[in-house]
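*Asks:* This is the content of model_16.cif (mmCIF, C-alpha atoms):
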data_my_file
loop_
_atom_site.label_atom_id
_atom_site.label_comp_id
_atom_site.auth_asym_id
_atom_site.auth_seq_id
_atom_site.Cartn_x
_atom_site.Cartn_y
_atom_site.Cartn_z
CA MET A 28 36.66 -8.49 14.19
CA SER A 29 38.48 -8.80 10.85
CA GLU A 30 37.15 -12.36 10.68
CA THR A 31 33.57 -11.16 10.96
CA LEU A 32 34.09 -8.51 8.29
CA ARG A 33 34.72 -11.11 5.65
CA ARG A 34 32.06 -10.73 3.00
CA LYS A 35 29.68 -13.64 2.66
CA THR A 36 30.61 -15.95 -0.15
CA PHE A 37 28.17 -17.33 -2.64
CA ASP A 38 28.63 -20.46 -4.68
CA PRO A 39 26.06 -20.31 -7.47
CA GLY A 40 26.72 -23.98 -8.25
CA ARG A 41 25.64 -25.10 -4.80
CA GLU A 42 22.98 -22.53 -4.03
CA ARG A 43 21.45 -22.06 -7.39
CA GLY A 44 22.36 -25.16 -9.38
CA GLY A 45 24.31 -23.16 -11.96
CA ALA A 46 24.47 -19.74 -13.48
CA VAL A 47 20.78 -19.73 -14.35
CA PRO A 48 18.30 -19.81 -11.49
CA LYS A 49 15.97 -22.79 -11.29
CA TYR A 50 12.43 -22.26 -10.07
CA TYR A 51 9.84 -24.46 -8.42
CA GLU A 52 6.14 -23.73 -8.03
CA VAL A 53 4.66 -24.39 -4.60
CA PHE A 54 1.20 -25.91 -4.11
CA ALA A 55 -0.53 -26.54 -0.79
CA ARG A 56 -3.84 -27.25 0.90
CA LYS A 57 -4.99 -26.64 4.47
CA ASN A 58 -7.30 -29.65 4.79
CA SER A 59 -8.67 -32.42 2.63
CA ASP A 60 -11.73 -30.34 1.64
CA ASP A 61 -9.53 -27.58 0.28
CA SER A 62 -8.27 -27.62 -3.26
CA LEU A 63 -4.55 -27.92 -3.78
CA SER A 64 -3.66 -24.31 -4.59
CA HIS A 65 -0.72 -22.46 -5.98
CA VAL A 66 0.77 -20.47 -3.09
CA GLY A 67 3.95 -19.12 -4.66
CA SER A 68 7.32 -20.16 -5.98
CA VAL A 69 10.90 -20.60 -4.85
CA GLU A 70 14.33 -20.68 -6.42
CA ALA A 71 16.44 -23.74 -5.59
CA PRO A 72 19.30 -25.79 -7.10
CA ASN A 73 17.65 -29.16 -6.44
CA ASP A 74 14.46 -30.87 -5.29
CA ASP A 75 15.60 -31.25 -1.69
CA LEU A 76 16.44 -27.60 -1.19
CA ALA A 77 13.25 -26.60 -3.00
CA GLN A 78 11.24 -28.51 -0.39
CA VAL A 79 13.12 -26.88 2.46
CA ARG A 80 12.74 -23.39 1.03
CA ALA A 81 9.04 -23.87 0.25
CA TRP A 82 8.42 -25.10 3.80
CA TYR A 83 10.40 -22.25 5.30
CA ILE A 84 8.94 -19.42 3.24
CA TYR A 85 5.30 -20.49 2.90
CA ASP A 86 4.77 -21.40 6.54
CA GLN A 87 1.75 -19.15 7.11
CA HIS A 88 -0.60 -22.13 7.67
CA HIS A 89 -0.38 -25.63 9.07
CA TRP A 90 -0.75 -27.22 5.67
CA THR A 91 -1.84 -30.85 5.45
CA GLU A 92 -0.20 -31.15 2.06
CA MET A 93 2.46 -29.25 0.20
CA CYS A 94 4.23 -30.07 -3.05
CA VAL A 95 6.84 -28.43 -5.23
CA VAL A 96 6.99 -28.80 -8.99
CA PRO A 97 9.89 -27.67 -11.18
CA THR A 98 8.46 -24.78 -13.17
CA GLU A 99 10.02 -26.16 -16.33
CA ALA A 100 8.04 -29.42 -15.88
CA ILE A 101 4.74 -27.59 -16.16
CA ILE A 102 3.14 -27.65 -19.56
CA PRO A 103 0.98 -24.58 -20.06
CA VAL A 104 -2.32 -25.26 -21.74
CA ARG A 105 -3.04 -22.58 -24.30
CA LEU A 106 -6.29 -21.57 -25.78
CA GLY A 107 -5.69 -19.75 -29.03
CA LYS A 108 -3.49 -16.79 -28.24
CA HIS A 109 -4.44 -16.68 -24.58
CA SER A 110 -1.57 -17.52 -22.32
CA THR A 111 -2.44 -19.63 -19.33
CA ARG A 112 1.12 -20.16 -18.23
CA ILE A 113 1.99 -20.57 -14.57
CA LYS A 114 2.18 -17.14 -13.05
CA MET A 115 5.06 -16.03 -10.90
CA ALA A 116 3.20 -15.80 -7.59
CA MET B 7 12.90 6.93 -10.83
CA THR B 8 14.03 9.56 -13.28
CA SER B 9 11.92 8.12 -16.05
CA GLN B 10 8.82 9.55 -14.42
CA THR B 11 10.11 13.00 -15.01
CA VAL B 12 10.94 12.21 -18.62
CA GLU B 13 8.11 13.02 -20.95
CA ARG B 14 7.14 9.82 -22.67
CA ASP B 15 3.43 9.61 -22.28
CA ASP B 16 2.55 7.88 -25.49
CA PRO B 17 -1.00 6.65 -26.15
CA ARG B 18 -0.13 3.19 -24.82
CA GLU B 19 0.54 4.69 -21.40
CA ALA B 20 -2.79 6.50 -21.30
CA ALA B 21 -4.58 3.39 -22.55
CA LEU B 22 -3.05 1.25 -19.82
CA ARG B 23 -3.99 3.78 -17.13
CA GLU B 24 -7.53 3.71 -18.45
CA ARG B 25 -7.65 -0.10 -18.38
CA VAL B 26 -6.28 -0.50 -14.85
CA ARG B 27 -8.73 2.14 -13.62
CA ALA B 28 -11.48 -0.08 -15.00
CA GLY B 29 -10.15 -3.02 -12.99
CA TYR B 30 -7.79 -4.70 -15.46
CA GLN B 31 -4.98 -6.66 -13.82
CA LEU B 32 -1.61 -7.50 -15.37
CA GLU B 33 0.00 -10.91 -15.01
CA ASP B 34 3.45 -10.55 -16.51
CA PRO B 35 6.04 -8.02 -17.70
CA THR B 36 5.14 -8.39 -21.38
CA GLN B 37 1.85 -6.59 -20.72
CA MET B 38 3.56 -3.51 -19.25
CA THR B 39 4.40 -0.09 -20.60
CA PRO B 40 7.76 1.46 -19.60
CA ARG B 41 6.24 3.84 -17.07
CA TYR B 42 4.11 1.14 -15.51
CA ARG B 43 7.12 -1.13 -15.22
CA ASP B 44 9.22 1.61 -13.61
CA VAL B 45 6.73 2.52 -10.93
CA LEU B 46 5.90 -1.12 -10.16
CA VAL B 47 9.53 -2.24 -9.90
CA ASN B 48 10.36 0.80 -7.78
CA THR B 49 7.52 -0.06 -5.40
CA MET B 50 8.54 -3.72 -5.10
CA HIS B 51 12.21 -2.77 -4.73
CA ILE B 52 11.46 -0.53 -1.74
CA ALA B 53 9.08 -3.11 -0.26
CA ALA B 54 11.84 -5.77 -0.42
CA ASP B 55 14.42 -3.47 1.22
CA LEU B 56 11.98 -2.60 3.98
CA GLU B 57 11.31 -6.24 4.78
CA VAL B 58 15.02 -7.03 5.12
CA VAL B 59 16.07 -4.07 7.27
CA THR B 60 13.65 -5.24 9.95
CA LEU B 61 16.20 -7.99 10.73
CA PRO B 62 19.06 -5.86 12.08
CA THR B 63 16.44 -3.58 13.63
CA TYR B 64 14.61 -6.27 15.60
CA SER B 65 17.46 -8.70 16.24
CA PRO B 66 19.15 -6.88 19.20
CA ALA B 67 15.93 -7.47 21.14
CA ILE B 68 16.38 -11.24 20.81
CA ARG B 69 19.28 -10.92 23.27
CA THR B 70 17.48 -8.64 25.68
CA ALA B 71 14.00 -10.19 25.57
CA PRO B 72 13.10 -11.32 29.12
CA THR B 73 11.90 -14.87 28.50
CA LEU B 74 12.52 -17.67 26.04
CA ASP B 75 9.00 -17.17 24.63
CA ASP B 76 9.76 -13.52 23.93
CA LYS B 77 13.03 -14.43 22.21
CA ILE B 78 11.14 -16.91 20.05
CA ALA B 79 8.49 -14.29 19.24
CA ILE B 80 11.11 -11.84 17.95
CA ALA B 81 13.06 -14.51 16.07
CA SER B 82 9.82 -15.72 14.51
CA ALA B 83 8.89 -12.20 13.41
CA CYS B 84 12.34 -11.87 11.80
CA GLN B 85 11.82 -15.20 10.03
CA ASP B 86 8.46 -13.95 8.74
CA GLU B 87 10.01 -10.75 7.41
CA LEU B 88 12.79 -12.63 5.62
CA GLY B 89 10.13 -14.89 4.09
CA HIS B 90 8.31 -11.78 2.82
CA ALA B 91 11.56 -10.52 1.32
CA GLN B 92 12.08 -13.87 -0.44
CA VAL B 93 8.65 -13.59 -2.02
CA MET B 94 9.49 -10.11 -3.29
CA TYR B 95 12.93 -11.20 -4.58
CA ARG B 96 11.23 -13.95 -6.52
CA LEU B 97 9.03 -11.33 -8.20
CA LEU B 98 11.92 -8.92 -8.80
CA GLU B 99 13.90 -11.67 -10.54
CA GLU B 100 11.25 -11.60 -13.25
CA PHE B 101 12.38 -8.02 -13.85
CA GLY B 102 16.08 -8.83 -14.13
CA TYR B 103 17.12 -8.47 -10.49
CA ASP B 104 19.89 -10.71 -9.16
CA THR B 105 18.89 -11.53 -5.58
CA HIS B 106 22.38 -12.32 -4.33
CA HIS B 107 23.75 -9.03 -5.62
CA PHE B 108 20.68 -7.14 -4.42
CA LEU B 109 20.94 -8.53 -0.90
CA PHE B 110 24.64 -9.12 -0.27
CA GLU B 111 26.66 -6.97 -2.66
CA ARG B 112 24.79 -3.71 -3.08
CA ASP B 113 26.31 -0.70 -1.33
CA PRO B 114 24.42 -0.21 1.98
CA HIS B 115 24.09 3.51 1.19
CA GLU B 116 21.94 2.62 -1.80
CA TRP B 117 19.36 0.72 0.20
CA ARG B 118 15.95 2.36 0.16
CA THR B 119 14.92 2.25 3.78
CA PHE B 120 12.52 4.34 5.84
CA GLN B 121 13.48 6.08 9.06
CA MET B 122 10.95 4.09 11.10
CA LEU B 123 13.00 0.94 10.60
CA GLU B 124 16.46 2.44 11.02
CA PHE B 125 16.80 2.35 14.80
CA PRO B 126 17.89 -0.99 16.31
CA HIS B 127 15.66 -1.83 19.24
CA GLU B 128 17.29 -1.28 22.59
CA ASP B 129 15.01 -3.61 24.48
CA TYR B 130 11.97 -5.85 24.16
CA ILE B 131 9.54 -3.07 25.10
CA GLU B 132 10.76 -1.07 22.14
CA SER B 133 10.17 -4.11 19.92
CA VAL B 134 6.58 -4.61 21.02
CA VAL B 135 5.87 -0.87 20.69
CA SER B 136 7.37 -1.01 17.21
CA MET B 137 5.17 -4.01 16.33
CA CYS B 138 2.06 -2.33 17.69
CA TYR B 139 2.57 1.04 16.00
CA GLY B 140 5.13 0.44 13.23
CA ASP B 141 4.12 -2.98 11.91
CA ARG B 142 0.58 -1.64 11.83
CA ALA B 143 1.73 1.22 9.60
CA GLY B 144 3.49 -1.29 7.36
CA TYR B 145 0.41 -3.51 7.36
CA ILE B 146 -1.83 -0.63 6.22
CA THR B 147 0.41 -0.05 3.19
CA THR B 148 0.70 -3.75 2.27
CA VAL B 149 -3.05 -4.33 2.68
CA ASP B 150 -3.65 -1.42 0.33
CA LEU B 151 -1.31 -3.08 -2.18
CA GLU B 152 -2.98 -6.47 -1.77
CA GLU B 153 -6.43 -4.98 -2.31
CA ASN B 154 -5.61 -2.60 -5.11
CA CYS B 155 -2.41 -3.46 -6.95
CA SER B 156 -3.06 -3.95 -10.66
CA PHE B 157 -0.07 -6.29 -10.92
CA ALA B 158 -1.85 -9.46 -9.83
CA PRO B 159 1.19 -11.59 -8.85
CA PHE B 160 2.28 -8.89 -6.36
CA ALA B 161 -1.24 -8.55 -4.98
CA ARG B 162 -1.54 -12.33 -4.57
CA SER B 163 1.87 -12.68 -2.94
CA LEU B 164 0.84 -10.18 -0.27
CA ARG B 165 -1.92 -12.43 1.08
CA LYS B 166 0.69 -14.43 2.95
CA VAL B 167 2.56 -11.29 3.99
CA ASN B 168 -0.52 -9.60 5.42
CA PHE B 169 -1.77 -12.74 7.13
CA GLU B 170 1.50 -12.91 9.05
CA GLU B 171 1.68 -9.18 9.80
CA THR B 172 -1.59 -9.38 11.74
CA PHE B 173 0.22 -11.61 14.25
CA HIS B 174 2.97 -9.04 14.73
CA VAL B 175 0.45 -6.25 15.34
CA GLY B 176 -1.57 -8.46 17.70
CA HIS B 177 1.57 -9.50 19.57
CA GLY B 178 2.60 -5.85 19.88
CA GLU B 179 -0.79 -4.75 21.23
CA ARG B 180 -0.94 -7.52 23.81
CA TRP B 181 2.52 -6.81 25.19
CA VAL B 182 2.17 -3.04 25.12
CA ARG B 183 -0.86 -3.46 27.42
CA PHE B 184 1.06 -5.90 29.60
CA PHE B 185 4.08 -3.64 30.08
CA TRP B 186 1.86 -0.59 30.61
CA ASN B 187 0.27 -2.37 33.56
CA LEU B 188 3.32 -4.23 34.89
CA ASN B 189 5.00 -1.53 36.97
CA GLU B 190 5.84 2.15 36.95
CA ARG B 191 9.21 1.63 35.31
CA SER B 192 7.91 -0.47 32.42
CA ARG B 193 5.01 1.96 31.94
CA GLN B 194 7.48 4.80 31.64
CA ARG B 195 9.51 2.85 29.10
CA VAL B 196 6.39 2.13 26.99
CA GLN B 197 5.54 5.84 26.97
CA GLU B 198 9.11 6.72 26.04
CA ALA B 199 9.15 4.22 23.15
CA VAL B 200 5.75 5.37 21.87
CA SER B 201 6.82 9.02 22.03
CA PHE B 202 9.83 8.13 19.87
CA TYR B 203 7.99 5.89 17.42
CA PHE B 204 4.79 7.86 16.90
CA PRO B 205 6.20 10.61 14.62
CA LEU B 206 8.36 8.02 12.82
CA CYS B 207 5.28 5.91 12.05
CA ALA B 208 3.17 8.92 11.03
CA ALA B 209 5.95 9.82 8.57
CA TRP B 210 6.06 6.25 7.20
CA PHE B 211 3.23 7.17 4.82
CA GLY B 212 5.30 9.91 3.21
CA VAL B 213 4.75 13.57 2.51
CA PRO B 214 1.28 15.18 2.70
CA ASP B 215 -0.77 14.66 -0.46
CA GLU B 216 -0.57 18.29 -1.54
CA MET B 217 3.22 17.99 -1.75
CA LYS B 218 3.26 14.76 -3.69
CA LYS B 219 4.87 15.14 -7.09
CA ARG B 220 4.97 11.56 -8.32
CA THR B 221 1.49 10.24 -8.84
CA ASP B 222 2.15 7.23 -11.09
CA GLN B 223 1.60 4.79 -8.22
CA LEU B 224 -2.03 5.86 -8.11
CA ALA B 225 -2.48 6.56 -11.83
CA TYR B 226 -1.34 3.02 -12.69
CA LYS B 227 -3.16 1.58 -9.70
CA ILE B 228 -0.07 0.08 -8.13
CA ARG B 229 -1.77 1.15 -4.91
CA GLY B 230 -5.21 2.51 -4.14
CA ALA B 231 -5.02 5.00 -1.28
CA THR B 232 -3.10 8.27 -1.01
CA ASN B 233 -0.48 8.98 1.67
CA ASP B 234 -2.93 11.01 3.73
CA GLN B 235 -5.71 8.44 3.43
CA MET B 236 -3.42 5.72 4.74
CA ARG B 237 -2.06 7.98 7.48
CA GLN B 238 -5.65 8.75 8.50
CA LYS B 239 -6.44 5.03 8.67
CA TRP B 240 -3.41 4.44 10.89
CA LEU B 241 -4.32 7.35 13.18
CA SER B 242 -7.90 6.11 13.44
CA GLN B 243 -6.55 2.87 14.88
CA VAL B 244 -3.62 3.92 17.06
CA VAL B 245 -5.13 7.04 18.65
CA PRO B 246 -8.21 5.26 20.15
CA PHE B 247 -6.02 2.29 21.13
CA SER B 248 -3.53 4.54 22.94
CA GLU B 249 -6.24 6.64 24.59
CA SER B 250 -8.08 3.55 25.84
CA ILE B 251 -4.93 2.46 27.67
CA GLY B 252 -3.73 5.87 28.80
CA ILE B 253 -0.68 6.20 26.56
CA GLN B 254 -0.12 9.78 25.46
CA VAL B 255 0.20 10.37 21.74
CA PRO B 256 0.66 13.65 19.85
CA ALA B 257 -2.61 13.36 17.89
CA HIS B 258 -6.33 13.61 18.56
CA PHE B 259 -9.76 13.38 16.95
CA ASP B 260 -10.91 16.73 15.65
CA GLU B 261 -14.70 16.97 16.09
CA GLU B 262 -15.03 19.81 13.63
CA SER B 263 -13.41 18.12 10.65
CA GLY B 264 -14.32 14.60 11.72
CA ARG B 265 -10.72 13.53 11.25
CA TYR B 266 -7.73 12.54 13.32
CA VAL B 267 -5.09 15.24 13.34
CA LEU B 268 -1.50 15.48 14.51
CA ASP B 269 -0.77 17.89 17.38
CA TYR B 270 2.38 19.07 15.64
CA GLU B 271 3.20 20.24 12.19
CA PRO B 272 5.71 17.95 10.48
CA PRO B 273 8.54 17.86 9.73
CA ILE B 274 10.02 18.34 13.20
CA HIS B 275 13.49 17.97 14.64
CA LEU B 276 14.70 14.62 15.94
CA ASP B 277 17.72 14.24 18.19
CA GLU B 278 18.95 10.86 16.97
CA LYS B 279 21.25 10.24 19.92
CA THR B 280 18.66 10.77 22.64
CA ARG B 281 15.80 9.61 20.38
CA THR B 282 13.68 12.60 21.31
CA TRP B 283 11.56 14.88 19.15
CA ASP B 284 11.34 18.61 19.54
CA TYR B 285 7.73 19.26 18.57
CA ASP B 286 8.21 23.02 18.52
CA ARG B 287 11.26 22.96 16.31
CA ARG B 288 10.13 22.67 12.72
CA ILE B 289 12.68 21.80 10.06
CA THR B 290 12.26 22.45 6.35
CA TRP B 291 11.09 19.73 4.00
CA GLU B 292 14.46 19.98 2.22
CA GLU B 293 16.20 19.11 5.50
CA GLN B 294 13.75 16.29 6.09
CA PHE B 295 14.37 14.81 2.62
CA ARG B 296 18.11 15.02 3.24
CA ILE B 297 17.73 13.16 6.55
CA TRP B 298 15.53 10.49 4.99
CA LYS B 299 17.89 10.03 2.06
CA LYS B 300 20.99 9.73 4.24
CA GLY B 301 19.34 7.40 6.73
CA SER B 302 19.98 7.24 10.47
CA ARG B 303 23.51 6.68 11.76
CA HIS B 304 22.54 3.02 12.23
CA LYS B 305 21.53 2.40 8.62
CA VAL B 306 24.87 1.50 7.04
CA PRO B 307 26.23 -0.53 10.01
CA SER B 308 22.93 -2.44 10.16
CA ILE B 309 23.00 -3.41 6.50
CA SER B 310 26.73 -4.19 6.72
CA ARG B 311 25.91 -6.71 9.43
CA LEU B 312 23.77 -8.58 6.91
CA HIS B 313 26.67 -8.54 4.46
CA HIS B 314 29.41 -9.72 6.77
CA GLU B 315 28.12 -11.43 9.84
CA VAL B 316 28.00 -15.20 9.85
CA TRP B 317 25.28 -16.82 11.95
CA GLY B 318 24.65 -13.70 14.04
CA ASP B 319 28.00 -13.15 15.77
CA ASP B 320 26.71 -11.15 18.70
CA LEU B 321 23.41 -12.95 18.99
CA TRP B 322 24.23 -15.67 21.50
#
What does this structure look like when you write it as structure tokens?
*Replies:*
Amino acid sequence: MSETLRRKTFDPGRERGGAVPKYYEVFARKNSDDSLSHVGSVEAPNDDLAQVRAWYIYDQHHWTEMCVVPTEAIIPVRLGKHSTRIKMA
Amino acid sequence: MTSQTVERDDPREAALRERVRAGYQLEDPTQMTPRYRDVLVNTMHIAADLEVVTLPTYSPAIRTAPTLDDKIAIASACQDELGHAQVMYRLLEEFGYDTHHFLFERDPHEWRTFQMLEFPHEDYIESVVSMCYGDRAGYITTVDLEENCSFAPFARSLRKVNFEETFHVGHGERWVRFFWNLNERSRQRVQEAVSFYFPLCAAWFGVPDEMKKRTDQLAYKIRGATNDQMRQKWLSQVVPFSESIGIQVPAHFDEESGRYVLDYEPPIHLDEKTRTWDYDRRITWEEQFRIWKKGSRHKVPSISRLHHEVWGDDLW
């Protein structure tokens, strides 16, 4: 019993890739006619885990295509003062 | 929470309320006023807690579910709910929340859970009744948020959530019918579970509108419908469903007012141990608030399981 009452440990280096969380945007389409759409985002320390987490969390459809993109790799296109940055969900 | 009682209604607040009433949607925290931010974060915080507590509530039924398919159905519902929580954590991180602390380190007493989700299911019948009646109540609130929430990222994220919740409700309905017709014993168990869950689900929507003190959720269009409107929507679905099968529920359609009404006047007394309601024994709202705030006797042990248990110790 005392074994099971051990609090879960968390290694931010392994689970988060460091002290600062790293985010990935998730894009998917249901079939080839569909546009590739933003379906949400996940936090992950590396590309591999980002794929796993995206697949696990956004499993509401049988997607034919899904990709993850590091949020920091996305260059927002701005028109004057209007922000068109990637939104959080 | 407390900030709503603090007087700080500067012109920016009124201007934002005006804009969201006209259909304006916000995309990120920089566009928010303090009061808007408070009521939004509070709403998402509770929504995230409610998704996670479904795990210790539903998981005992994985062991007792009669077939492998049923075990998979419950496990899959739990996986869905955790996915919904992840989506909400992702949003909350934009507001300075640390997910690991929020999920694994926060004192279980501080979790904001609702009574409907605080009783671990004793068997599979209780799980399907809970899906049919309780998940439907949850679905009505999250659909309202998806359709009305002025914070667009939250509204968008709920598309996935609501899409998956329809499966839980559908699964619940199908199996409630099945067990009602299986044999006398299972029918009795369905009735017993519905009798326990019905008042819990009706209370899910909160206090009656005339008692509601905090109105920022509606004023800032975080949600669109009032407590009573959502409760009415839930009643208009579960009462005809139950009547068509023969399940007795403490509510009916009132011809005169054209509305569904409860056959009892809440709040009423619940014996937690026997899970039975005493419809004739009214308690005061103060007592009810105290009970809701404290949580059922299962609340803290359930959340502690999430904090300590590795790979579901008593699952297999």
*Asks:* Enumerate, as a list in words, the residues matched when the PyMOL selection byres ((chain B and resi 124) around 8) is run on the file above.
*Replies:*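 Applying the expression gives Val59, Thr63, Thr119, Phe120, Gln121, Met122, Leu123, Phe125, Pro126, Gly301, Ser302, His304 and Lys305 of chain B.
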*Asks:* Kindly determine which residues of chain B lie within 8 Å of chain A, considering all atoms listed in the file, and give the answer as a list in words.
*Replies:*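 Putting it all together, I get Glu33, Asp34, Asp86, Gly89, His90, Gln92, Val93, Arg96, Leu97, Glu100, His106, Phe110, Pro159, Phe160, Arg162, Ser163, Lys166, Phe169, Glu170, His313, His314, Glu315, Val316 and Asp319 of chain B.
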*Asks:* Which polymer residues have any atom within 7 Å of an atom of Met50 of chain B, counting all atoms listed in the file, with same-chain residues fewer than 4 positions away left out, as a list of chain:residue names?
*Replies:*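 Answer for this query is B:Leu46, B:Ala54, B:Met94.
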*Asks:* Between A:Ala55, A:Val95, A:Ala71, A:Ala100, which one has atoms that come closest to Arg41 of chain A, using only C-alpha atoms?
*Replies:*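 Result for the nearest residue to Arg41 of chain A: A:Ala71.
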*Asks:* Could you list the residues chosen by the PyMOL selection byres ((chain B and resi 226) around 12) in this structure as a PyMOL selection string?
*Replies:* chain B and resi 19-32+38-46+49+154-157+220-225+227-230
*Asks:* In Å, how far is it from atom CA of Arg43 of chain A to atom CA of Asp104 of chain B?
*Replies:*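 Computed distance, atom CA of Arg43 of chain A to atom CA of Asp104 of chain B, equals 11.6 Å.
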*Asks:* At what distance in Å, to one decimal, does atom CA of Leu88 of chain B lie from atom CA of Lys300 of chain B?
*Replies:*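 Between atom CA of Lys300 of chain B and atom CA of Leu88 of chain B the gap works out to 23.9 Å.
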*Asks:* The PyMOL selection byres ((chain B and resi 238) around 12) - which residues does that actually catch in the file I just gave you? List them as JSON, numbers by chain.
*Replies:* {"B": [143, 146, 147, 207, 208, 209, 211, 214, 215, 231, 232, 233, 234, 235, 236, 237, 239, 240, 241, 242, 243, 244, 245, 257, 258, 259, 260, 264, 265, 266, 267, 268]}
*Asks:* Figure out the distance between atom CA of Val255 of chain B and atom CA of Gln197 of chain B, please, to one decimal in Å.
*Replies:* 8.7 Å
